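Colleague: Pasting a structure below so you can have a look.
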Amino acid sequence: MSTAPKPQMSVQDPVKVDPKHYKVELENDQVRVLRINYGAHEKSVMHSHPDGVAIFQKEIHCRFTFPDGKTEEQRFRAGETLYMPAGSHLPENLSDQPFEVILVELKR
């Protein structure tokens, strides 16, 4: 058994790796606020977020693929607000409609 540290997956900033879907609305030393827009059936690339709060602007039906290959389908209602723990994922809009989310990423 090796005692060498396991390689850590590098953090992929969604604004850098997928600027089509992610736009910074506000940033300071405490938070970064992202506006997230996906068209019908659009898919992102694998990326990471710190802990944050998501505010869903429209109803959403999506699939998240995680770095280990597992997937999870989710539905969120317009107006729903959720705490989202840090992690990496690849989101995909499964709906025939576009969706919009405001994500407040916490820096502290």
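Naming scheme: A, B, ... for chains in displayed order of the structure tokens; residues 1 onward per chain; ligands 1 onward as shown.
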For Gly79 (chain A), list every protein, DNA or RNA residue within 7 Å, evaluated using only C-alpha atoms, and leave out those in the same chain fewer than 3 positions away; present the list as a count of residues only.

Modeller: 3

Colleague: Residues at most 8 Å from Lys23 (chain A), counting only C-alpha atoms, excluding those fewer than 4 positions away in the same chain, as a list of chain:residue names?

Modeller: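 Listed by chain and then number, they are A:Val15, A:Pro19, A:Leu34, A:Arg35, A:Ile36.
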
Colleague: Of the candidates A:His49, A:Lys16, A:Lys107, A:His89, which one gets nearest to Asp68 (chain A) if we count only C-alpha atoms?

Modeller: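 That would be A:His89, the residue with the smallest distance to Asp68 (chain A).
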
Colleague: Figure out the distance between CA of Arg75 (chain A) and CA of Gln30 (chain A), please, to one decimal in Å.

Modeller: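 Here the two named atoms are 28.8 Å from each other.
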
Colleague: Which residues come within 7 Å of Val33 (chain A), counting only C-alpha atoms, excluding same-chain residues fewer than 5 positions away, as an NGL selection string?

Modeller: :A and (24-27 or 102-105)

Colleague: Please give the complete set of residues from chain A that DSSP, run on the backbone, assigns to strand (DSSP E), formatted as a PyMOL selection string.

Modeller: chain A and resi 22-27+31-38+47-49+52-56+60-65+71-76+81-84+87-93+99-106

Colleague: Got a sec: who's within 10 Å of Asn93 (chain A), counting only C-alpha atoms, leaving out chain neighbours fewer than 6 positions off, as a list of chain:residue names?

Modeller: A:Asn37, A:Tyr38, A:Gly39, A:Ala40, A:His41, A:Glu42, A:Lys43, A:Ser44, A:Ile60, A:His61, A:Cys62, A:Arg63, A:Phe64, A:Glu73, A:Gln74, A:Phe99

Colleague: Those residues with N, CA, C and O atoms, as a PDB file, in the first residue's frame please?

Modeller:
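The new file result_8.pdb reads:
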ATOM      1  N   ASN A  37     -27.000  30.311 -17.255  1.00  0.00           N
ATOM      2  CA  ASN A  37     -28.056  30.146 -18.262  1.00  0.00           C
ATOM      3  C   ASN A  37     -27.729  28.965 -19.160  1.00  0.00           C
ATOM      4  O   ASN A  37     -26.618  28.889 -19.706  1.00  0.00           O
ATOM      5  N   TYR A  38     -28.682  28.069 -19.296  1.00  0.00           N
ATOM      6  CA  TYR A  38     -28.558  26.936 -20.218  1.00  0.00           C
ATOM      7  C   TYR A  38     -29.760  26.946 -21.145  1.00  0.00           C
ATOM      8  O   TYR A  38     -30.894  27.110 -20.681  1.00  0.00           O
ATOM      9  N   GLY A  39     -29.527  26.729 -22.428  1.00  0.00           N
ATOM     10  CA  GLY A  39     -30.621  26.532 -23.358  1.00  0.00           C
ATOM     11  C   GLY A  39     -31.161  25.122 -23.235  1.00  0.00           C
ATOM     12  O   GLY A  39     -30.599  24.270 -22.522  1.00  0.00           O
ATOM     13  N   ALA A  40     -32.252  24.869 -23.928  1.00  0.00           N
ATOM     14  CA  ALA A  40     -32.855  23.532 -23.917  1.00  0.00           C
ATOM     15  C   ALA A  40     -31.817  22.489 -24.330  1.00  0.00           C
ATOM     16  O   ALA A  40     -31.109  22.663 -25.328  1.00  0.00           O
ATOM     17  N   HIS A  41     -31.695  21.448 -23.544  1.00  0.00           N
ATOM     18  CA  HIS A  41     -30.828  20.296 -23.816  1.00  0.00           C
ATOM     19  C   HIS A  41     -29.348  20.637 -23.931  1.00  0.00           C
ATOM     20  O   HIS A  41     -28.587  19.843 -24.484  1.00  0.00           O
ATOM     21  N   GLU A  42     -28.921  21.777 -23.400  1.00  0.00           N
ATOM     22  CA  GLU A  42     -27.500  22.110 -23.433  1.00  0.00           C
ATOM     23  C   GLU A  42     -26.774  21.427 -22.278  1.00  0.00           C
ATOM     24  O   GLU A  42     -27.349  21.149 -21.223  1.00  0.00           O
ATOM     25  N   LYS A  43     -25.485  21.203 -22.496  1.00  0.00           N
ATOM     26  CA  LYS A  43     -24.646  20.473 -21.558  1.00  0.00           C
ATOM     27  C   LYS A  43     -23.373  21.288 -21.325  1.00  0.00           C
ATOM     28  O   LYS A  43     -22.883  21.948 -22.229  1.00  0.00           O
ATOM     29  N   SER A  44     -22.825  21.211 -20.135  1.00  0.00           N
ATOM     30  CA  SER A  44     -21.601  21.925 -19.802  1.00  0.00           C
ATOM     31  C   SER A  44     -20.403  20.989 -19.922  1.00  0.00           C
ATOM     32  O   SER A  44     -20.465  19.965 -20.618  1.00  0.00           O
ATOM     33  N   ILE A  60     -36.411  23.654 -13.337  1.00  0.00           N
ATOM     34  CA  ILE A  60     -35.253  22.985 -13.937  1.00  0.00           C
ATOM     35  C   ILE A  60     -35.400  21.474 -13.814  1.00  0.00           C
ATOM     36  O   ILE A  60     -35.763  20.961 -12.758  1.00  0.00           O
ATOM     37  N   HIS A  61     -35.074  20.778 -14.903  1.00  0.00           N
ATOM     38  CA  HIS A  61     -34.901  19.325 -14.876  1.00  0.00           C
ATOM     39  C   HIS A  61     -33.513  19.090 -15.458  1.00  0.00           C
ATOM     40  O   HIS A  61     -33.264  19.396 -16.624  1.00  0.00           O
ATOM     41  N   CYS A  62     -32.597  18.589 -14.633  1.00  0.00           N
ATOM     42  CA  CYS A  62     -31.223  18.463 -15.091  1.00  0.00           C
ATOM     43  C   CYS A  62     -30.594  17.164 -14.603  1.00  0.00           C
ATOM     44  O   CYS A  62     -31.127  16.482 -13.738  1.00  0.00           O
ATOM     45  N   ARG A  63     -29.460  16.868 -15.201  1.00  0.00           N
ATOM     46  CA  ARG A  63     -28.663  15.707 -14.796  1.00  0.00           C
ATOM     47  C   ARG A  63     -27.276  16.226 -14.441  1.00  0.00           C
ATOM     48  O   ARG A  63     -26.703  17.042 -15.167  1.00  0.00           O
ATOM     49  N   PHE A  64     -26.741  15.746 -13.324  1.00  0.00           N
ATOM     50  CA  PHE A  64     -25.371  16.044 -12.936  1.00  0.00           C
ATOM     51  C   PHE A  64     -24.557  14.771 -13.085  1.00  0.00           C
ATOM     52  O   PHE A  64     -24.946  13.715 -12.581  1.00  0.00           O
ATOM     53  N   GLU A  73     -30.221  12.743 -11.478  1.00  0.00           N
ATOM     54  CA  GLU A  73     -31.203  13.666 -12.046  1.00  0.00           C
ATOM     55  C   GLU A  73     -31.855  14.452 -10.922  1.00  0.00           C
ATOM     56  O   GLU A  73     -32.122  13.907  -9.853  1.00  0.00           O
ATOM     57  N   GLN A  74     -32.092  15.736 -11.196  1.00  0.00           N
ATOM     58  CA  GLN A  74     -32.697  16.620 -10.201  1.00  0.00           C
ATOM     59  C   GLN A  74     -33.762  17.485 -10.861  1.00  0.00           C
ATOM     60  O   GLN A  74     -33.667  17.800 -12.046  1.00  0.00           O
ATOM     61  N   PHE A  99     -33.086  27.382 -18.823  1.00  0.00           N
ATOM     62  CA  PHE A  99     -33.201  27.683 -17.400  1.00  0.00           C
ATOM     63  C   PHE A  99     -32.161  28.703 -16.978  1.00  0.00           C
ATOM     64  O   PHE A  99     -31.166  28.918 -17.663  1.00  0.00           O
TER      65      PHE A  99
END

Colleague: State, in Å with one decimal place, the distance from CA of Phe66 (chain A) to CA of His47 (chain A).

Modeller: 9.5 Å

Colleague: So which one's closest to Glu59 (chain A), A:Pro85, A:Pro14, A:Pro98, A:Pro91? Using only C-alpha atoms, please.

Modeller: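 Smallest separation from Glu59 (chain A) among the options: A:Pro98.
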
Colleague: One number please: CA of Phe76 (chain A) to CA of Lys20 (chain A), in Å, one decimal.

Modeller: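 Result for CA of Phe76 (chain A) versus CA of Lys20 (chain A): 21.6 Å, one decimal.
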
Colleague: List every residue of chain A that DSSP, applied to the backbone, labels as helix (DSSP H, G or I), and write the result as JSON, numbers by chain.

Modeller: {"A": [14, 15, 16, 17]}

Colleague: Find the residue from A:Asp51, A:Asp29, A:Asp13, A:Asp18 that sits nearest to Ala86 (chain A); use only C-alpha atoms when measuring.

Modeller: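 Nearest to Ala86 (chain A): A:Asp51.
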